[in-house]
file work16.csv (CSV, C-alpha atoms and all ligand atoms)
chain,number,residue,atom,x,y,z
A,104,MET,CA,0.0,0.0,0.0
A,105,MET,CA,1.2,3.5,-0.7
A,106,SER,CA,2.3,5.2,2.5
A,107,THR,CA,1.6,8.7,3.4
A,108,ALA,CA,5.3,9.3,3.6
A,109,SER,CA,5.7,8.3,0.0
A,110,ALA,CA,3.0,10.6,-1.1
A,111,LEU,CA,5.0,13.5,0.2
A,112,SER,CA,7.4,14.2,-2.6
A,113,CYS,CA,11.1,14.5,-1.8
A,114,SER,CA,11.3,18.0,-3.1
A,115,LEU,CA,8.4,19.1,-1.0
A,116,LYS,CA,9.9,17.5,2.1
A,117,HIS,CA,13.0,19.4,1.3
A,118,HIS,CA,11.2,22.7,1.1
A,119,LEU,CA,9.3,22.0,4.2
A,120,ALA,CA,12.4,21.1,6.1
A,121,PHE,CA,13.8,24.5,5.1
A,122,GLY,CA,10.4,26.2,5.5
A,123,LEU,CA,10.1,25.2,9.1
A,124,ARG,CA,13.6,26.5,9.9
A,125,PHE,CA,13.1,29.8,8.2
A,126,PRO,CA,14.1,32.7,10.4
A,127,GLN,CA,11.8,35.7,10.8
A,128,ASN,CA,12.8,36.9,7.4
A,129,HIS,CA,13.7,35.5,4.1
A,130,ALA,CA,16.9,34.8,1.9
A,131,LEU,CA,17.9,31.3,1.7
A,132,CYS,CA,21.0,30.2,-0.2
A,133,ARG,CA,21.1,27.3,-2.5
A,134,PRO,CA,24.2,25.2,-2.6
A,135,ASN,CA,25.1,26.9,-5.9
A,136,GLY,CA,24.9,30.3,-4.2
A,137,ALA,CA,21.6,31.4,-5.8
A,138,ARG,CA,19.5,33.3,-3.3
A,139,ILE,CA,15.9,32.5,-2.9
A,140,THR,CA,13.8,35.0,-1.1
A,141,THR,CA,10.8,34.0,0.7
A,142,SER,CA,8.9,35.1,3.8
A,143,ARG,CA,8.1,33.6,7.1
A,144,SER,CA,4.4,33.6,6.3
A,145,LEU,CA,4.8,31.6,3.2
A,146,ALA,CA,6.8,29.1,5.1
A,147,VAL,CA,4.3,28.9,7.8
A,148,THR,CA,1.4,28.6,5.3
A,149,MET,CA,3.2,25.8,3.4
A,150,ALA,CA,3.9,24.0,6.7
A,151,ALA,CA,0.3,24.4,7.9
A,152,THR,CA,-1.3,23.2,4.6
A,153,SER,CA,1.2,20.5,3.7
A,154,THR,CA,2.3,18.6,6.7
A,155,THR,CA,-1.0,17.2,7.8
A,156,PRO,CA,-1.9,14.4,5.4
A,157,LEU,CA,-5.4,14.8,3.9
A,158,GLU,CA,-7.6,11.8,4.6
A,159,VAL,CA,-9.3,10.1,1.7
A,160,CYS,CA,-11.4,7.0,1.5
A,161,VAL,CA,-10.7,5.0,-1.7
A,162,LYS,CA,-11.7,1.6,-3.1
A,163,ALA,CA,-9.7,-1.3,-1.8
A,164,SER,CA,-8.3,-3.9,-4.2
A,165,VAL,CA,-10.4,-7.1,-4.6
A,166,THR,CA,-7.4,-9.2,-5.6
A,167,THR,CA,-4.6,-8.1,-3.2
A,168,PRO,CA,-5.0,-7.3,0.5
A,169,ASN,CA,-4.1,-3.8,1.6
A,170,LYS,CA,-3.8,-2.4,-1.9
A,171,LEU,CA,-5.5,0.4,-3.8
A,172,GLY,CA,-8.4,-0.8,-6.0
A,173,ASP,CA,-9.8,0.1,-9.4
A,174,CYS,CA,-12.0,3.3,-9.0
A,175,PRO,CA,-11.1,5.9,-11.7
A,176,PHE,CA,-12.8,8.6,-9.6
A,177,CYS,CA,-10.5,7.8,-6.7
A,178,GLN,CA,-7.5,7.8,-8.9
A,179,ARG,CA,-8.5,11.2,-10.2
A,180,VAL,CA,-8.5,12.6,-6.6
A,181,LEU,CA,-5.1,10.9,-5.8
A,182,LEU,CA,-3.6,12.3,-9.0
A,183,THR,CA,-4.7,15.8,-7.9
A,184,PHE,CA,-3.0,15.3,-4.5
A,185,GLU,CA,0.1,14.1,-6.3
A,186,GLU,CA,0.2,16.8,-8.9
A,187,LYS,CA,-0.3,19.4,-6.2
A,188,HIS,CA,2.3,17.8,-3.9
A,189,LEU,CA,-0.2,17.3,-1.1
A,190,PRO,CA,0.5,14.5,1.4
A,191,TYR,CA,-2.4,12.1,1.9
A,192,ASP,CA,-3.5,9.2,3.9
A,193,MET,CA,-5.6,6.6,2.1
A,194,LYS,CA,-8.3,4.6,3.9
A,195,LEU,CA,-9.0,1.5,1.8
A,196,VAL,CA,-12.7,0.6,1.8
A,197,ASP,CA,-14.0,-2.8,0.9
A,198,LEU,CA,-17.0,-1.8,-1.2
A,199,ALA,CA,-18.4,-5.4,-1.2
A,200,ASN,CA,-18.6,-5.2,2.6
A,201,LYS,CA,-18.8,-1.5,3.6
A,202,PRO,CA,-17.8,-0.9,7.2
A,203,GLU,CA,-20.1,1.0,9.5
A,204,TRP,CA,-17.5,3.9,10.0
A,205,PHE,CA,-17.5,4.4,6.2
A,206,LEU,CA,-21.3,4.5,5.9
A,207,GLN,CA,-21.3,7.2,8.6
A,208,ILE,CA,-18.9,9.3,6.6
A,209,SER,CA,-20.5,8.4,3.2
A,210,PRO,CA,-24.2,7.6,3.6
A,211,GLU,CA,-24.4,6.9,-0.2
A,212,GLY,CA,-21.7,4.3,0.3
A,213,LYS,CA,-19.5,5.8,-2.5
A,214,VAL,CA,-15.8,6.5,-2.8
A,215,PRO,CA,-13.9,8.8,-3.1
A,216,VAL,CA,-14.7,10.8,0.0
A,217,ALA,CA,-12.1,13.3,1.3
A,218,LYS,CA,-11.8,15.2,4.6
A,219,LEU,CA,-11.5,18.9,3.9
A,220,ASP,CA,-11.8,21.5,6.6
A,221,GLU,CA,-12.9,18.8,9.1
A,222,LYS,CA,-15.8,17.8,6.8
A,223,TRP,CA,-16.1,14.6,4.7
A,224,VAL,CA,-16.7,15.6,1.1
A,225,PRO,CA,-18.0,13.1,-1.5
A,226,ASP,CA,-17.7,13.2,-5.3
A,227,SER,CA,-14.5,13.6,-7.3
A,228,ASP,CA,-15.9,16.7,-9.1
A,229,VAL,CA,-16.5,18.5,-5.8
A,230,ILE,CA,-13.3,17.3,-4.1
A,231,THR,CA,-11.0,18.3,-7.0
A,232,GLN,CA,-12.7,21.7,-7.3
A,233,SER,CA,-12.3,22.3,-3.5
A,234,LEU,CA,-8.7,21.3,-3.7
A,235,GLU,CA,-8.1,23.8,-6.5
A,236,GLU,CA,-9.6,26.6,-4.3
A,237,LYS,CA,-7.8,25.6,-1.2
A,238,TYR,CA,-4.4,24.7,-2.8
A,239,PRO,CA,-4.3,26.8,-6.0
A,240,ASP,CA,-0.6,26.2,-6.5
A,241,PRO,CA,0.4,24.6,-8.9
A,242,PRO,CA,-2.8,25.5,-10.7
A,243,LEU,CA,-4.6,22.6,-12.5
A,244,VAL,CA,-7.6,24.6,-13.7
A,245,THR,CA,-8.9,23.6,-17.1
A,246,PRO,CA,-10.6,26.6,-18.8
A,247,PRO,CA,-14.4,26.1,-18.9
A,248,GLU,CA,-14.5,25.9,-22.7
A,249,LYS,CA,-12.1,23.0,-22.7
A,250,ALA,CA,-13.5,21.2,-19.6
A,251,SER,CA,-15.8,18.9,-21.5
A,252,VAL,CA,-13.2,17.7,-24.1
A,253,GLY,CA,-13.3,13.9,-24.2
A,254,SER,CA,-16.1,13.7,-21.6
A,255,LYS,CA,-18.3,11.3,-23.7
A,256,ILE,CA,-15.5,8.8,-24.1
A,257,PHE,CA,-16.2,7.0,-20.8
A,258,SER,CA,-19.9,6.5,-21.3
A,259,THR,CA,-19.5,5.3,-24.9
A,260,PHE,CA,-16.7,2.9,-23.7
A,261,ILE,CA,-19.1,1.4,-21.1
A,262,GLY,CA,-21.8,1.1,-23.8
A,263,PHE,CA,-19.5,-0.8,-26.1
A,264,LEU,CA,-18.1,-2.9,-23.2
A,265,LYS,CA,-21.6,-4.0,-22.1
A,266,SER,CA,-22.9,-4.6,-25.7
A,267,LYS,CA,-23.6,-8.2,-26.8
A,268,ASP,CA,-24.6,-7.2,-30.3
A,269,PRO,CA,-21.6,-6.3,-32.6
A,270,THR,CA,-24.0,-4.5,-35.0
A,271,ASP,CA,-25.7,-2.2,-32.4
A,272,GLY,CA,-23.4,0.8,-33.2
A,273,THR,CA,-21.8,1.1,-29.7
A,274,GLU,CA,-18.3,0.4,-31.1
A,275,GLN,CA,-18.8,3.1,-33.7
A,276,ALA,CA,-20.1,5.5,-31.1
A,277,LEU,CA,-16.9,5.0,-29.1
A,278,LEU,CA,-14.8,5.4,-32.3
A,279,ASN,CA,-16.5,8.7,-33.1
A,280,GLU,CA,-15.7,10.1,-29.6
A,281,LEU,CA,-12.1,8.9,-29.8
A,282,SER,CA,-11.7,10.3,-33.3
A,283,SER,CA,-12.9,13.8,-32.2
A,284,PHE,CA,-10.5,13.6,-29.3
A,285,ASN,CA,-7.7,12.6,-31.6
A,286,ASP,CA,-8.4,15.6,-33.8
A,287,TYR,CA,-8.6,17.9,-30.8
A,288,ILE,CA,-5.3,16.7,-29.3
A,289,LYS,CA,-3.6,16.9,-32.8
A,290,GLU,CA,-4.6,20.6,-33.0
A,291,ASN,CA,-4.3,21.6,-29.3
A,292,GLY,CA,-2.2,19.0,-27.4
A,293,PRO,CA,-0.2,17.4,-26.1
A,294,PHE,CA,-2.7,17.9,-23.2
A,295,ILE,CA,-6.3,19.1,-23.2
A,296,ASN,CA,-5.2,22.6,-22.1
A,297,GLY,CA,-2.1,22.6,-24.4
A,298,GLU,CA,1.4,22.3,-23.0
A,299,LYS,CA,0.5,21.7,-19.4
A,300,ILE,CA,-1.5,19.0,-17.7
A,301,SER,CA,-4.8,20.1,-16.1
A,302,ALA,CA,-7.8,18.8,-14.2
A,303,ALA,CA,-9.5,17.5,-17.3
A,304,ASP,CA,-6.5,15.2,-18.1
A,305,LEU,CA,-6.5,13.9,-14.5
A,306,SER,CA,-10.1,13.0,-14.9
A,307,LEU,CA,-9.9,11.4,-18.4
A,308,GLY,CA,-6.5,9.6,-17.9
A,309,PRO,CA,-7.9,7.0,-15.4
A,310,LYS,CA,-10.9,6.4,-17.6
A,311,LEU,CA,-8.8,5.7,-20.6
A,312,TYR,CA,-6.7,3.3,-18.5
A,313,HIS,CA,-9.9,1.4,-17.7
A,314,LEU,CA,-10.9,1.5,-21.4
A,315,GLU,CA,-7.6,0.0,-22.5
A,316,ILE,CA,-7.5,-2.8,-20.0
A,317,ALA,CA,-11.2,-3.7,-20.0
A,318,LEU,CA,-11.7,-3.6,-23.8
A,319,GLY,CA,-8.4,-5.4,-24.3
A,320,HIS,CA,-9.5,-8.2,-22.0
A,321,TYR,CA,-13.2,-8.6,-22.7
A,322,LYS,CA,-13.3,-7.7,-26.4
A,323,LYS,CA,-9.8,-8.1,-27.6
A,324,TRP,CA,-10.1,-4.5,-28.8
A,325,SER,CA,-7.6,-1.7,-28.7
A,326,VAL,CA,-7.5,1.9,-29.9
A,327,PRO,CA,-6.8,1.7,-33.7
A,328,ASP,CA,-3.5,2.9,-35.1
A,329,THR,CA,-5.5,5.5,-37.2
A,330,LEU,CA,-5.8,7.5,-33.9
A,331,PRO,CA,-2.1,8.1,-33.1
A,332,TYR,CA,-2.8,11.2,-31.0
A,333,VAL,CA,-5.1,9.3,-28.7
A,334,LYS,CA,-2.5,6.6,-28.4
A,335,SER,CA,0.4,8.9,-27.5
A,336,TYR,CA,-1.8,10.9,-25.1
A,337,MET,CA,-2.5,7.6,-23.3
A,338,GLU,CA,1.1,6.6,-23.2
A,339,THR,CA,2.1,10.0,-21.9
A,340,ILE,CA,-0.4,10.0,-19.1
A,341,PHE,CA,0.0,6.4,-18.2
A,342,SER,CA,3.8,6.8,-17.8
A,343,MET,CA,3.7,9.8,-15.4
A,344,ASP,CA,5.1,9.1,-12.0
A,345,SER,CA,1.9,10.2,-10.3
A,346,PHE,CA,-0.1,7.9,-12.5
A,347,VAL,CA,2.1,4.9,-11.9
A,348,LYS,CA,1.9,5.5,-8.2
A,349,THR,CA,-1.9,5.8,-8.1
A,350,ARG,CA,-3.1,3.3,-10.7
A,351,ALA,CA,-5.0,0.1,-10.0
A,352,SER,CA,-3.6,-3.3,-11.1
A,353,PRO,CA,-5.0,-4.6,-14.4
A,354,ASP,CA,-6.4,-7.6,-12.5
A,355,ASP,CA,-8.5,-5.3,-10.3
A,356,VAL,CA,-9.7,-3.3,-13.4
A,357,ILE,CA,-10.7,-6.6,-15.1
A,358,ALA,CA,-12.5,-7.8,-11.9
A,359,GLY,CA,-14.2,-4.5,-11.4
A,360,TRP,CA,-15.9,-4.5,-14.8
A,361,ARG,CA,-16.8,-8.2,-14.8
A,362,PRO,CA,-20.4,-7.7,-13.3
A,363,LYS,CA,-21.1,-5.1,-16.0
A,364,VAL,CA,-19.9,-7.3,-18.8
A,365,MET,CA,-21.7,-10.4,-17.5
A,366,GLY,CA,-24.9,-8.5,-16.4
B,1,LIG,N1,-19.7,10.8,-9.3
B,1,LIG,C1,-18.9,10.1,-8.3
B,1,LIG,C2,-18.8,8.6,-8.7
B,1,LIG,C3,-18.1,7.8,-7.6
B,1,LIG,C4,-18.4,6.3,-7.8
B,1,LIG,O1,-19.3,5.9,-8.6
B,1,LIG,N2,-17.7,5.5,-7.1
B,1,LIG,C5,-17.9,4.0,-7.2
B,1,LIG,C6,-16.6,3.3,-7.2
B,1,LIG,S1,-15.8,3.6,-8.8
B,1,LIG,C7,-18.6,3.6,-5.9
B,1,LIG,O2,-18.2,4.1,-4.8
B,1,LIG,N3,-19.6,2.7,-5.9
B,1,LIG,C8,-20.2,2.2,-4.8
B,1,LIG,C9,-20.3,0.7,-4.7
B,1,LIG,O3,-19.7,0.1,-5.6
B,1,LIG,O4,-20.9,0.2,-3.8
B,1,LIG,C10,-17.5,10.7,-8.3
B,1,LIG,O5,-17.1,11.4,-9.3
B,1,LIG,O6,-16.8,10.6,-7.2
call {"tool": "encode", "arguments": {"input": "work16.csv", "output": "structure tokens"}}
result
Amino acid sequence: MMSTASALSCSLKHHLAFGLRFPQNHALCRPNGARITTSRSLAVTMAATSTTPLEVCVKASVTTPNKLGDCPFCQRVLLTFEEKHLPYDMKLVDLANKPEWFLQISPEGKVPVAKLDEKWVPDSDVITQSLEEKYPDPPLVTPPEKASVGSKIFSTFIGFLKSKDPTDGTEQALLNELSSFNDYIKENGPFINGEKISAADLSLGPKLYHLEIALGHYKKWSVPDTLPYVKSYMETIFSMDSFVKTRASPDDVIAGWRPKVMG
């Protein structure tokens, strides 16, 4: 299981170690002699906001004890913590046997749920939005006009995955969405908001990961070579350190979709 300590990036630990030792006022020397000016209040703010791990309830693995499971909405929140260098403490929840303490926190019984300002907050949309407001640096905002790019890929993927009739148009519906995304990234990429990763990528990345594994396993299907920008987008996101650290195992992804495929 990923520890809280490992969630705190080395560079941040380094900054905090310095931050906590800042004298009343500024000027810190780097080993190369470069001077970095800062203020005591910045150091105190960083320490206050960054040393206490944020608590988050996430899906537990169904294949391996004490491991993170296969919820793409949980991964989206974890990716946001990682990209914002926020330490976090994961509470793994067995969704097949929800404990009482979890149902008290999340009456709907859904993950992710994160504790923000002493309140348990459900829903990855709400959690990531609140994290952006509370911890704006580094910014991960996707401009509103780009926020829905790729947003129909997940539902069309599920339609195709569940389909038992190869002629019902669900494969084509998915291909249409992937094709528009390919065109968009070709023109505007490498990420949805251009050069830098943003919230929309952190939402879409885990869903594409599920698409790749589930369709590969259950339908022997993969993104066609005619969509190279989708393929390279997936490769880029899937190989990010934050993604590797927060992804589910392929076995969990396959197990997670089984009821939908069989149903
Ligand atoms: N809209 C929610 C969806 C969360 C969701 O559907 N989570 C699933 C796991 S991936 C869940 O908790 N399902 C409850 C269950 O399986 O009992 C979000 O974005 O956080």
call {"tool": "closest_residue", "arguments": {"input": "work16.csv", "among": "A:Val326, A:Met337, A:Cys177, A:Leu318", "to": "ligand LIG 1 (chain B)", "atoms": "only C-alpha atoms and all ligand atoms"}}
result
A:Cys177
call {"tool": "closest_residue", "arguments": {"input": "work16.csv", "among": "A:His320, A:Lys162, A:Lys363, A:Lys255", "to": "ligand LIG 1 (chain B)", "atoms": "all atoms listed in the file"}}
result
A:Lys162
call {"tool": "atom_distance", "arguments": {"input": "work16.csv", "atom1": "atom CA of A:Asn291", "atom2": "atom CA of A:Gly253"}}
result
12.9 Å
call {"tool": "residues_near_ligand", "arguments": {"input": "work16.csv", "ligand": "ligand LIG 1 (chain B)", "cutoff": "8 Å", "atoms": "all atoms listed in the file", "output": "list of chain:residue names"}}
result
A:Lys162, A:Asp173, A:Cys174, A:Pro175, A:Phe176, A:Cys177, A:Leu198, A:Ala199, A:Lys201, A:Glu211, A:Gly212, A:Lys213, A:Val214, A:Pro215, A:Val216, A:Pro225, A:Asp226, A:Ser227, A:Asp228, A:Val229
call {"tool": "closest_residue", "arguments": {"input": "work16.csv", "among": "A:Glu186, A:Leu278, A:Ser266, A:Leu206", "to": "A:Pro241", "atoms": "all atoms listed in the file"}}
result
A:Glu186
call {"tool": "closest_residue", "arguments": {"input": "work16.csv", "among": "A:Val244, A:Ala163, A:Leu189, A:Leu264", "to": "A:Trp324", "atoms": "only C-alpha atoms"}}
result
A:Leu264
call {"tool": "atom_distance", "arguments": {"input": "work16.csv", "atom1": "atom CA of A:Gly366", "atom2": "atom CA of A:Lys267"}}
result
10.5 Å
call {"tool": "atom_distance", "arguments": {"input": "work16.csv", "atom1": "atom CA of A:Leu277", "atom2": "atom CA of A:Ile256"}}
result
6.4 Å
call {"tool": "closest_residue", "arguments": {"input": "work16.csv", "among": "A:Ala351, A:Ile295, A:Ile208, A:Val159", "to": "A:Ser254", "atoms": "all atoms listed in the file"}}
result
A:Ile295
call {"tool": "closest_residue", "arguments": {"input": "work16.csv", "among": "A:Phe263, A:Phe184, A:Tyr238, A:Tyr287", "to": "A:Pro331", "atoms": "all atoms listed in the file"}}
result
A:Tyr287
call {"tool": "residues_around", "arguments": {"input": "work16.csv", "residues": "A:Pro242", "least_positions_apart": "4", "cutoff": "9 Å", "atoms": "only C-alpha atoms", "output": "JSON, numbers by chain"}}
result
{"A": [187, 235, 238, 301]}
call {"tool": "residues_around", "arguments": {"input": "work16.csv", "residues": "A:Lys265", "least_positions_apart": "5", "cutoff": "10 Å", "atoms": "only C-alpha atoms", "output": "PDB file with C-alpha atoms, keeping the file's coordinate frame"}}
result
ATOM      1  CA  THR A 259     -19.500   5.300 -24.900  1.00  0.00           C
ATOM      2  CA  PHE A 260     -16.700   2.900 -23.700  1.00  0.00           C
ATOM      3  CA  THR A 273     -21.800   1.100 -29.700  1.00  0.00           C
ATOM      4  CA  TYR A 321     -13.200  -8.600 -22.700  1.00  0.00           C
ATOM      5  CA  TRP A 360     -15.900  -4.500 -14.800  1.00  0.00           C
ATOM      6  CA  ARG A 361     -16.800  -8.200 -14.800  1.00  0.00           C
ATOM      7  CA  PRO A 362     -20.400  -7.700 -13.300  1.00  0.00           C
ATOM      8  CA  LYS A 363     -21.100  -5.100 -16.000  1.00  0.00           C
ATOM      9  CA  VAL A 364     -19.900  -7.300 -18.800  1.00  0.00           C
ATOM     10  CA  MET A 365     -21.700 -10.400 -17.500  1.00  0.00           C
ATOM     11  CA  GLY A 366     -24.900  -8.500 -16.400  1.00  0.00           C
TER      12      GLY A 366
END
call {"tool": "residues_around", "arguments": {"input": "work16.csv", "residues": "A:Phe284", "least_positions_apart": "3", "cutoff": "8 Å", "atoms": "only C-alpha atoms", "output": "list in words"}}
result
Val252, Gly253, Glu280, Leu281, Tyr287, Ile288 and Val333 of chain A
call {"tool": "build_atoms", "arguments": {"input": "work16.csv", "residues": "stretch 240-263 of chain A", "atoms": "N, CA and C atoms", "output": "short mmCIF file (atom, residue, chain, number, x, y, z; two decimals), in the coordinates of the input"}}
result
data_model
loop_
_atom_site.label_atom_id
_atom_site.label_comp_id
_atom_site.auth_asym_id
_atom_site.auth_seq_id
_atom_site.Cartn_x
_atom_site.Cartn_y
_atom_site.Cartn_z
N ASP A 240 -1.87 26.31 -5.88
CA ASP A 240 -0.60 26.20 -6.50
C ASP A 240 0.01 24.81 -6.41
N PRO A 241 0.44 24.17 -7.47
CA PRO A 241 0.40 24.60 -8.90
C PRO A 241 -1.08 24.56 -9.37
N PRO A 242 -1.45 25.50 -10.22
CA PRO A 242 -2.80 25.50 -10.70
C PRO A 242 -3.06 24.33 -11.69
N LEU A 243 -4.24 23.74 -11.56
CA LEU A 243 -4.60 22.60 -12.50
C LEU A 243 -5.91 22.96 -13.18
N VAL A 244 -6.30 24.22 -13.15
CA VAL A 244 -7.60 24.60 -13.70
C VAL A 244 -7.62 24.36 -15.24
N THR A 245 -8.71 23.73 -15.70
CA THR A 245 -8.90 23.60 -17.10
C THR A 245 -9.93 24.72 -17.49
N PRO A 246 -9.65 25.56 -18.49
CA PRO A 246 -10.60 26.60 -18.80
C PRO A 246 -11.97 25.99 -19.17
N PRO A 247 -13.06 26.65 -18.76
CA PRO A 247 -14.40 26.10 -18.90
C PRO A 247 -14.70 25.60 -20.34
N GLU A 248 -14.22 26.32 -21.35
CA GLU A 248 -14.50 25.90 -22.70
C GLU A 248 -13.84 24.64 -23.16
N LYS A 249 -12.84 24.20 -22.36
CA LYS A 249 -12.10 23.00 -22.70
C LYS A 249 -12.49 21.82 -21.74
N ALA A 250 -13.24 22.15 -20.71
CA ALA A 250 -13.50 21.20 -19.60
C ALA A 250 -14.22 19.94 -20.06
N SER A 251 -15.02 20.04 -21.14
CA SER A 251 -15.80 18.90 -21.50
C SER A 251 -15.14 18.07 -22.67
N VAL A 252 -13.92 18.44 -23.04
CA VAL A 252 -13.20 17.70 -24.10
C VAL A 252 -13.05 16.24 -23.65
N GLY A 253 -13.46 15.32 -24.46
CA GLY A 253 -13.30 13.90 -24.20
C GLY A 253 -14.28 13.34 -23.15
N SER A 254 -15.26 14.16 -22.75
CA SER A 254 -16.10 13.70 -21.60
C SER A 254 -17.14 12.65 -22.01
N LYS A 255 -17.31 12.39 -23.32
CA LYS A 255 -18.30 11.30 -23.70
C LYS A 255 -17.54 9.97 -23.91
N ILE A 256 -16.23 10.00 -23.79
CA ILE A 256 -15.50 8.80 -24.10
C ILE A 256 -15.87 7.66 -23.06
N PHE A 257 -15.97 8.04 -21.78
CA PHE A 257 -16.20 7.00 -20.80
C PHE A 257 -17.57 6.33 -20.93
N SER A 258 -18.61 7.13 -21.17
CA SER A 258 -19.90 6.50 -21.30
C SER A 258 -20.04 5.66 -22.57
N THR A 259 -19.38 6.11 -23.64
CA THR A 259 -19.50 5.30 -24.90
C THR A 259 -18.62 4.02 -24.74
N PHE A 260 -17.53 4.13 -23.97
CA PHE A 260 -16.70 2.90 -23.70
C PHE A 260 -17.58 1.91 -22.92
N ILE A 261 -18.32 2.36 -21.92
CA ILE A 261 -19.10 1.40 -21.10
C ILE A 261 -20.24 0.81 -22.00
N GLY A 262 -20.83 1.63 -22.89
CA GLY A 262 -21.80 1.10 -23.80
C GLY A 262 -21.30 -0.02 -24.65
N PHE A 263 -20.12 0.19 -25.20
CA PHE A 263 -19.50 -0.80 -26.10
C PHE A 263 -19.10 -2.06 -25.23
#
